[in-house]
Amino acid sequence: MEWGVYKVVLCGLDELRPRELYDMLKMRVDVFVVEQKCPYPELDGKDADALHLRLMDGATLVASARIRKPATDDHAARIGRVVVSPEHRGKRLGERLMVEAIAQCERLYSECPIELSAQSHLKGFYESFGFIPVSEEYLEDDIPHIDMQRPAAVATD
């Protein structure tokens with residue numbers, strides 16, 4: 001899908017070429033581990049079963065997010081690892097990425113709510129997409145977070 005000058009690509013881990021996988025993981029480590037000074041296990045074992053949403057400017061990765069299918073115990077899709085390349089910030093790419101991530105979740109899992117674990121300072125950003133807080137603030141890897149949920153696109157009875 002083309003979105004302005006940006007191309008949106010959604011695929012599973014096995015569909016990523018080695019260079020694409022490297023670029024995605026490098027961007028996540030550069031932002032979440034190095035920039036945020038937060039040593040944590042970025043490779044958490046959840047990428048293999050997830051869909052990876054990438055926003056591309058030509059061959060350059062500018063933003064990405066991870067979409068996980070609903071688990072049987074919580075019946076919610078999850079959006080995570082939402083990241084914009086530092087070199088491409090200030091272009092509202094985070095908004096574009098979230099619009100597409102929500103659209104994909106609603107297309108694939110329309111009867112399920114969407115959950116995410118937000119860094120607390122981004123609560124307002126996620127609220128602008130219809131997410132509401134469903135937990136108290138907590139520390140995850142020494143960074144304040146809050147769990148948020150967006151209702152299912154299709155109401156279930």
# chains A, B, ... in the order shown; residues from 1 in each chain; ligands from 1
$ residues_around --residues "Asp14 in chain A" --least-positions-apart "6" --cutoff "10 Å" --atoms "only C-alpha atoms" --output "short mmCIF file (atom, residue, chain, number, x, y, z; two decimals) with C-alpha atoms, in the first residue's frame"
data_model
loop_
_atom_site.label_atom_id
_atom_site.label_comp_id
_atom_site.auth_asym_id
_atom_site.auth_seq_id
_atom_site.Cartn_x
_atom_site.Cartn_y
_atom_site.Cartn_z
CA LEU A 21 15.21 -7.91 9.42
CA ASP A 47 8.68 -11.71 16.72
CA ALA A 48 8.39 -15.14 15.09
CA ASP A 49 4.61 -15.32 15.54
CA LEU A 51 3.23 -9.54 11.85
#
$ closest_atom_pairs --of "range 56-117 of chain A" --to "range 35-45 of chain A" --cutoff "12 Å" --atoms "only C-alpha atoms" --output "Markdown table"
| residue | atom | partner | partner_atom | distance |
| --- | --- | --- | --- | --- |
| A:Arg68 | CA | A:Gly45 | CA | 11.9 |
| A:Gly80 | CA | A:Glu42 | CA | 11.7 |
| A:Arg81 | CA | A:Glu42 | CA | 9.3 |
| A:Val83 | CA | A:Glu35 | CA | 11.8 |
| A:Ser85 | CA | A:Glu35 | CA | 11.0 |
| A:Pro86 | CA | A:Glu35 | CA | 9.3 |
$ write_last_selection --atoms "C-alpha atoms" --output "mmCIF file, in the first residue's frame"
data_model
loop_
_atom_site.group_PDB
_atom_site.id
_atom_site.type_symbol
_atom_site.label_atom_id
_atom_site.label_comp_id
_atom_site.auth_asym_id
_atom_site.auth_seq_id
_atom_site.Cartn_x
_atom_site.Cartn_y
_atom_site.Cartn_z
ATOM 1 C CA ARG A 68 0.428 -9.920 17.621
ATOM 2 C CA GLY A 80 3.860 -3.156 20.208
ATOM 3 C CA ARG A 81 7.389 -2.104 19.385
ATOM 4 C CA VAL A 83 9.097 3.014 16.702
ATOM 5 C CA SER A 85 13.591 6.282 13.157
ATOM 6 C CA PRO A 86 15.251 9.269 14.877
#
$ residues_around --residues "Tyr6 in chain A" --least-positions-apart "4" --cutoff "12 Å" --atoms "only C-alpha atoms" --output "PDB file with N, CA and C atoms, in the first residue's frame"
ATOM      1  N   MET A   1       0.842  -1.181   0.000  1.00  0.00           N
ATOM      2  CA  MET A   1       0.000   0.000   0.000  1.00  0.00           C
ATOM      3  C   MET A   1       0.885   1.242   0.000  1.00  0.00           C
ATOM      4  N   GLU A   2       0.537   2.221  -0.796  1.00  0.00           N
ATOM      5  CA  GLU A   2       1.272   3.488  -0.827  1.00  0.00           C
ATOM      6  C   GLU A   2       0.550   4.501   0.054  1.00  0.00           C
ATOM      7  N   ARG A  54       5.844  -2.217   8.486  1.00  0.00           N
ATOM      8  CA  ARG A  54       6.971  -1.319   8.237  1.00  0.00           C
ATOM      9  C   ARG A  54       6.528  -0.185   7.330  1.00  0.00           C
ATOM     10  N   LEU A  55       6.971   1.004   7.649  1.00  0.00           N
ATOM     11  CA  LEU A  55       6.742   2.178   6.831  1.00  0.00           C
ATOM     12  C   LEU A  55       8.062   2.480   6.132  1.00  0.00           C
ATOM     13  N   MET A  56       8.027   2.453   4.800  1.00  0.00           N
ATOM     14  CA  MET A  56       9.248   2.568   4.005  1.00  0.00           C
ATOM     15  C   MET A  56       9.247   3.850   3.187  1.00  0.00           C
ATOM     16  N   ASP A  57      10.410   4.469   3.073  1.00  0.00           N
ATOM     17  CA  ASP A  57      10.638   5.579   2.156  1.00  0.00           C
ATOM     18  C   ASP A  57      11.628   5.045   1.135  1.00  0.00           C
ATOM     19  N   GLY A  58      11.107   4.515   0.034  1.00  0.00           N
ATOM     20  CA  GLY A  58      11.958   3.797  -0.914  1.00  0.00           C
ATOM     21  C   GLY A  58      12.440   2.522  -0.251  1.00  0.00           C
ATOM     22  N   ALA A  59      13.750   2.348  -0.171  1.00  0.00           N
ATOM     23  CA  ALA A  59      14.325   1.172   0.480  1.00  0.00           C
ATOM     24  C   ALA A  59      14.679   1.445   1.937  1.00  0.00           C
ATOM     25  N   THR A  60      14.360   2.639   2.434  1.00  0.00           N
ATOM     26  CA  THR A  60      14.728   3.033   3.791  1.00  0.00           C
ATOM     27  C   THR A  60      13.574   2.810   4.758  1.00  0.00           C
ATOM     28  N   LEU A  61      13.834   2.071   5.816  1.00  0.00           N
ATOM     29  CA  LEU A  61      12.863   1.862   6.877  1.00  0.00           C
ATOM     30  C   LEU A  61      12.785   3.133   7.723  1.00  0.00           C
ATOM     31  N   VAL A  62      11.570   3.690   7.872  1.00  0.00           N
ATOM     32  CA  VAL A  62      11.420   4.915   8.648  1.00  0.00           C
ATOM     33  C   VAL A  62      10.618   4.704   9.930  1.00  0.00           C
ATOM     34  N   ALA A  63       9.819   3.626   9.987  1.00  0.00           N
ATOM     35  CA  ALA A  63       9.031   3.348  11.189  1.00  0.00           C
ATOM     36  C   ALA A  63       8.565   1.897  11.135  1.00  0.00           C
ATOM     37  N   HIS A  88      13.845  10.450  11.084  1.00  0.00           N
ATOM     38  CA  HIS A  88      12.593  10.750  10.385  1.00  0.00           C
ATOM     39  C   HIS A  88      11.499  11.242  11.328  1.00  0.00           C
ATOM     40  N   LYS A  91       7.686  14.169  11.337  1.00  0.00           N
ATOM     41  CA  LYS A  91       6.920  14.070  10.092  1.00  0.00           C
ATOM     42  C   LYS A  91       5.558  13.415  10.321  1.00  0.00           C
ATOM     43  N   ARG A  92       5.186  13.222  11.575  1.00  0.00           N
ATOM     44  CA  ARG A  92       3.924  12.586  11.965  1.00  0.00           C
ATOM     45  C   ARG A  92       3.841  11.134  11.495  1.00  0.00           C
ATOM     46  N   LEU A  93       5.005  10.499  11.399  1.00  0.00           N
ATOM     47  CA  LEU A  93       5.038   9.101  10.967  1.00  0.00           C
ATOM     48  C   LEU A  93       4.474   8.169  12.026  1.00  0.00           C
ATOM     49  N   ARG A  96       0.833   8.019  11.309  1.00  0.00           N
ATOM     50  CA  ARG A  96       0.583   7.202  10.120  1.00  0.00           C
ATOM     51  C   ARG A  96       0.731   5.724  10.437  1.00  0.00           C
ATOM     52  N   LEU A  97       1.751   5.402  11.205  1.00  0.00           N
ATOM     53  CA  LEU A  97       1.999   4.012  11.576  1.00  0.00           C
ATOM     54  C   LEU A  97       0.856   3.465  12.431  1.00  0.00           C
ATOM     55  N   GLU A 100      -2.360   2.794  10.435  1.00  0.00           N
ATOM     56  CA  GLU A 100      -2.247   1.556   9.655  1.00  0.00           C
ATOM     57  C   GLU A 100      -2.258   0.328  10.562  1.00  0.00           C
TER      58      GLU A 100
END
$ residues_around --residues "Gly94 in chain A" --least-positions-apart "5" --cutoff "9 Å" --atoms "only C-alpha atoms" --output "count of residues only"
7
$ select_by_dssp --residues "chain A" --states "strand (DSSP E)" --output "ChimeraX atom specification"
/A:2-3,6-12,51-57,60-68,77-84,114-119,132-133,138-140,143-150
$ closest_residue --among "A:Leu122, A:Ile67, A:Val31, A:Leu139" --to "Leu108 in chain A" --atoms "only C-alpha atoms"
A:Ile67
$ atom_distance --atom1 "CA of Ile132 in chain A" --atom2 "CA of Thr72 in chain A"
21.9 Å
$ closest_residue --among "A:Gln104, A:Ser135, A:Ser120, A:Ser110" --to "Asp147 in chain A" --atoms "only C-alpha atoms"
A:Ser135
$ select_by_dssp --residues "chain A" --states "helix (DSSP H, G or I)" --output "count of residues only"
48
$ residues_around --residues "His145 in chain A" --least-positions-apart "3" --cutoff "8 Å" --atoms "only C-alpha atoms" --output "list of chain:residue names"
A:Ser117, A:Ala118, A:Gln119, A:Ser120, A:Glu137, A:Tyr138, A:Leu139, A:Glu140
$ atom_distance --atom1 "CA of Val5 in chain A" --atom2 "CA of Arg78 in chain A"
26.9 Å
$ atom_distance --atom1 "CA of Leu10 in chain A" --atom2 "CA of Ala77 in chain A"
15.3 Å
